[in-house]
2 protein chains.
Amino acid sequence: MSVLVVGSVALDSVETPFGKAEDVLGGSATFFAASASHLTKVSVVGVVGSDFPLEQLEPLKKRGVDFSGLEQAEGNSFRWRGRYRHDLNSAETLETQLGVFSHFSPKIPDKLRSRPFVFLANIDPRLQLDVVRQVAKPKLVACDTMNFWIQSRRPDIIELLNHVDLMTLNDGEARQLTEKSNLVQAAQWIMARGPRHVIIKKGEHGAFMFSSNSIFFAPAFPLENVFDPTGAGDAFAGGFIGYLAATGDLSEANMRRAVICGSAMGSFAVERFSIDRLMTVTRPEIDQRMTEMRRLVTFEEDVPA
Amino acid sequence: MSVLVVGSVALDSVETPFGKAEDVLGGSATFFAASASHLTKVSVVGVVGSDFPLEQLEPLKKRGVDFSGLEQAEGNSFRWRGRYRHDLNSAETLETQLGVFSHFSPKIPDKLRSRPFVFLANIDPRLQLDVVRQVAKPKLVACDTMNFWIQSRRPDIIELLNHVDLMTLNDGEARQLTEKSNLVQAAQWIMARGPRHVIIKKGEHGAFMFSSNSIFFAPAFPLENVFDPTGAGDAFAGGFIGYLAATGDLSEANMRRAVICGSAMGSFAVERFSIDRLMTVTRPEIDQRMTEMRRLVTFEEDVPA
């Protein structure tokens, strides 16, 4: 089955202890699509400015990503400039230029309205609600968010929770949204407001998937070299939703595999700048990493004597 | 097989968002012994002051913990006073009174010198080295340390690494000791200096066990209520070493189970102040939590169609 993602397509300038990149392909929908394209067909809805180097999307198009829902509007593209210090754990935002993104109002083309899987990447929750109203009974709608929206649009996020099946957010955001410092309690708070599942992403510390009667934990794959953490969360979401869409199976067992696939895709994303590694990774490498992640956590219960 | 632990037996005063405790039983050897006593026989070597309420050790003695190696010296006992804020992630030390611990020079009684498992809890690495010289070819010697010693006695820790089979330390300490921000690289740095295994504890984010050709990850059990994180790391070590000693099996498969047992014991420790929960927990509860930890991370690889 195929996936619709609504989110940003942007130009990132990033500095890490290992190098610098200027105006490279970024944005939540871009990372999501690059990741999910290894698993299934993805359509992107978003907006770029008149300055956007559309040829940079060619490699994604070659991977089958559908950009027919990507508008090009008069003005500048969304640009983000950030820096990671030595520990790579948190990005310092140096500059954000919303450009045409500040007037973005997603219009879902008719032919994309019945996509069975929908991911509302991190944008204004009012726009996420707007998308929910435009799509036709998808099998699964998932949303992401961020601290900025939790601070400025918390009631809209709570309204949105009524309309989604699954929410992904990071641990700090979960604590901020729910005002619960304990993540189990935070997840329960969110599920009580609508979603059947909550995925709390903890960056290098892995991710929890909470469901009504189970908790699943996937570690982050321990890499010897993390190059640039930008986009890891969206690559995770792309791997997760992509896996679910490819299999069409929403059983607990399959959702656990999907989380592992997401974690694997996130681990590839951070190996290079931008979507570079997501463009070169192969399906056997993805499968291999999922197997390694299984080895990482597997232990056999003791056989009683 | 039995375990020798050398470390502190102290009085803690702790404040958390959920309550206060004054002069309750604490110290690395105490938490270790309380935890390991569920699995095997433990002997403690340490020192307390003339003011120490020895009757507080009775419940541990009833659990079979051997305090014949615990000296009582003229002066005050080691006291630590700390506070945890809302997120419970890091202790703020308000006061440390070393008391008789500042002149501690561990003398291992003859009958304890051939204990097959030895845990050098967090004390001055010069004293840890001194203990290593007093014991007779144990099956496994493990050590812990902390930021204070890394800063003041780094060369002694590096010398100690030559003489231990396994080191446990937290992620911040691993980065500080090795000057590597990446934990895989930090573990390799430590293993290159002696230990066959390194366990990097990440508190609420779980623990890695690194060996020459494998990495194992155990999550922290996701508790809905964490009451007091004091002693979790030592309770982990007690569960880990206790499990290894009880089984006498140092295979990779068994060491993985031992890490899970350690993680389970750490999760019980934080449910109450001091060693209170470690005193009431039962073996069926421990086994049950280990089973739940297995469920937490288990996923089945997809069966190819």
# chains A, B, ... in the order shown; residues from 1 in each chain; ligands from 1
call {"tool": "closest_atom_pairs", "arguments": {"of": "chain A", "to": "chain B", "cutoff": "8 Å", "atoms": "only C-alpha atoms", "output": "CSV"}}
result
residue,atom,partner,partner_atom,distance
A:His86,CA,B:Ser181,CA,7.1
A:Asp87,CA,B:Ser181,CA,5.8
A:Ser181,CA,B:Asp87,CA,5.9
A:Asn182,CA,B:Glu224,CA,6.5
A:Leu183,CA,B:Glu224,CA,7.6
A:Val184,CA,B:Glu224,CA,5.4
A:Gln185,CA,B:Glu224,CA,6.1
A:His205,CA,B:His205,CA,5.9
A:Ser214,CA,B:Leu296,CA,8.0
A:Ile215,CA,B:Leu296,CA,6.0
A:Phe216,CA,B:Leu296,CA,4.7
A:Phe217,CA,B:Val297,CA,5.3
A:Ala218,CA,B:Val297,CA,6.5
A:Pro219,CA,B:Phe217,CA,7.4
A:Pro222,CA,B:Val184,CA,6.7
A:Leu223,CA,B:Val184,CA,6.9
A:Glu224,CA,B:Val184,CA,5.4
A:Asn225,CA,B:Asn182,CA,7.1
A:Val226,CA,B:Asn182,CA,8.0
A:Ala253,CA,B:Phe299,CA,6.6
A:Arg256,CA,B:Phe299,CA,6.0
A:Arg257,CA,B:Phe299,CA,6.2
A:Thr291,CA,B:Glu301,CA,7.7
A:Arg294,CA,B:Phe299,CA,7.5
A:Arg295,CA,B:Phe216,CA,7.6
A:Leu296,CA,B:Phe216,CA,4.7
A:Val297,CA,B:Phe217,CA,5.3
A:Thr298,CA,B:Thr298,CA,7.3
A:Phe299,CA,B:Arg256,CA,5.9
A:Glu300,CA,B:Ala253,CA,7.1
A:Glu301,CA,B:Arg257,CA,7.0
A:Asp302,CA,B:Arg257,CA,7.6
call {"tool": "residues_around", "arguments": {"residues": "Gly266 (chain A)", "least_positions_apart": "6", "cutoff": "9 Å", "atoms": "only C-alpha atoms", "output": "PDB file with C-alpha atoms, in the first residue's frame"}}
result
ATOM      1  CA  SER A  35      13.455   6.467   4.003  1.00  0.00           C
ATOM      2  CA  ALA A 220      19.059   2.945  18.597  1.00  0.00           C
ATOM      3  CA  PHE A 221      21.633   0.948  16.657  1.00  0.00           C
ATOM      4  CA  PRO A 229      21.767  13.485  13.438  1.00  0.00           C
ATOM      5  CA  GLY A 231      16.487  13.956  10.010  1.00  0.00           C
ATOM      6  CA  ALA A 232      16.892  10.803  12.096  1.00  0.00           C
ATOM      7  CA  GLY A 233      13.386  11.107  13.561  1.00  0.00           C
ATOM      8  CA  ASP A 234      11.755  11.550  10.154  1.00  0.00           C
ATOM      9  CA  ALA A 235      13.827   8.727   8.675  1.00  0.00           C
ATOM     10  CA  PHE A 236      12.584   6.618  11.593  1.00  0.00           C
ATOM     11  CA  ALA A 237       8.977   7.551  10.807  1.00  0.00           C
ATOM     12  CA  GLY A 238       9.544   6.792   7.109  1.00  0.00           C
ATOM     13  CA  GLY A 239      10.932   3.336   7.889  1.00  0.00           C
TER      14      GLY A 239
END
call {"tool": "closest_residue", "arguments": {"among": "A:His163, A:Arg289, A:Arg115, A:His197", "to": "Val42 (chain A)", "atoms": "only C-alpha atoms"}}
result
A:Arg115
call {"tool": "select_by_dssp", "arguments": {"residues": "region 215-297 of chain A", "states": "strand (DSSP E or B)", "output": "number ranges by chain"}}
result
A: 215-218
call {"tool": "write_last_selection", "arguments": {"atoms": "C-alpha atoms", "output": "short mmCIF file (atom, residue, chain, number, x, y, z; two decimals), in the first residue's frame"}}
result
data_model
loop_
_atom_site.label_atom_id
_atom_site.label_comp_id
_atom_site.auth_asym_id
_atom_site.auth_seq_id
_atom_site.Cartn_x
_atom_site.Cartn_y
_atom_site.Cartn_z
CA ILE A 215 5.09 -1.60 25.58
CA PHE A 216 7.79 -2.28 23.01
CA PHE A 217 11.29 -0.85 23.13
CA ALA A 218 13.73 -0.60 20.23
#
call {"tool": "residues_around", "arguments": {"residues": "region 269-284 of chain B", "least_positions_apart": "6", "cutoff": "10 Å", "atoms": "only C-alpha atoms", "output": "VMD selection string"}}
result
chain B and resid 11 to 16 18 to 21 23 to 27 30 to 39 59 to 60 63 223 to 236 263 290
call {"tool": "write_last_selection", "arguments": {"atoms": "C-alpha atoms", "output": "mmCIF file, in the first residue's frame"}}
result
data_model
loop_
_atom_site.group_PDB
_atom_site.id
_atom_site.type_symbol
_atom_site.label_atom_id
_atom_site.label_comp_id
_atom_site.auth_asym_id
_atom_site.auth_seq_id
_atom_site.Cartn_x
_atom_site.Cartn_y
_atom_site.Cartn_z
ATOM 1 C CA LEU B 11 23.969 6.691 55.673
ATOM 2 C CA ASP B 12 22.024 8.575 53.005
ATOM 3 C CA SER B 13 19.680 11.520 53.331
ATOM 4 C CA VAL B 14 17.652 11.858 50.180
ATOM 5 C CA GLU B 15 14.992 14.225 48.949
ATOM 6 C CA THR B 16 12.906 13.413 45.882
ATOM 7 C CA PHE B 18 7.875 12.209 46.419
ATOM 8 C CA GLY B 19 9.363 12.434 49.907
ATOM 9 C CA LYS B 20 12.370 12.659 52.181
ATOM 10 C CA ALA B 21 14.480 10.088 53.992
ATOM 11 C CA ASP B 23 20.095 8.752 57.584
ATOM 12 C CA VAL B 24 18.802 5.659 55.830
ATOM 13 C CA LEU B 25 21.002 2.751 54.822
ATOM 14 C CA GLY B 26 23.025 3.531 51.707
ATOM 15 C CA GLY B 27 26.418 3.014 50.107
ATOM 16 C CA THR B 30 24.977 -2.058 50.697
ATOM 17 C CA PHE B 31 22.899 -1.727 47.520
ATOM 18 C CA PHE B 32 25.073 -4.325 45.787
ATOM 19 C CA ALA B 33 24.689 -6.824 48.627
ATOM 20 C CA ALA B 34 20.944 -6.246 49.044
ATOM 21 C CA SER B 35 20.509 -6.992 45.348
ATOM 22 C CA ALA B 36 22.955 -9.906 44.978
ATOM 23 C CA SER B 37 21.639 -11.592 48.143
ATOM 24 C CA HIS B 38 18.592 -12.695 46.133
ATOM 25 C CA LEU B 39 20.844 -14.760 43.931
ATOM 26 C CA PRO B 59 17.624 -7.544 57.646
ATOM 27 C CA LEU B 60 20.586 -8.009 55.291
ATOM 28 C CA ARG B 63 19.145 -12.608 53.972
ATOM 29 C CA LEU B 223 8.216 2.046 35.444
ATOM 30 C CA GLU B 224 5.157 4.169 35.868
ATOM 31 C CA ASN B 225 6.514 5.538 39.137
ATOM 32 C CA VAL B 226 10.199 6.015 39.901
ATOM 33 C CA PHE B 227 10.535 6.955 43.534
ATOM 34 C CA ASP B 228 14.262 7.334 44.300
ATOM 35 C CA PRO B 229 17.017 6.520 41.794
ATOM 36 C CA THR B 230 19.746 6.277 44.477
ATOM 37 C CA GLY B 231 21.605 2.968 44.317
ATOM 38 C CA ALA B 232 20.156 1.789 41.008
ATOM 39 C CA GLY B 233 23.618 1.300 39.480
ATOM 40 C CA ASP B 234 24.867 -0.763 42.422
ATOM 41 C CA ALA B 235 21.649 -2.787 42.527
ATOM 42 C CA PHE B 236 22.230 -3.433 38.806
ATOM 43 C CA SER B 263 18.436 -4.317 34.975
ATOM 44 C CA MET B 290 12.967 -10.600 33.612
#
call {"tool": "closest_residue", "arguments": {"among": "B:Gln288, B:Gln97, B:Gln128, B:Ser152", "to": "Val45 (chain B)", "atoms": "only C-alpha atoms"}}
result
B:Gln128
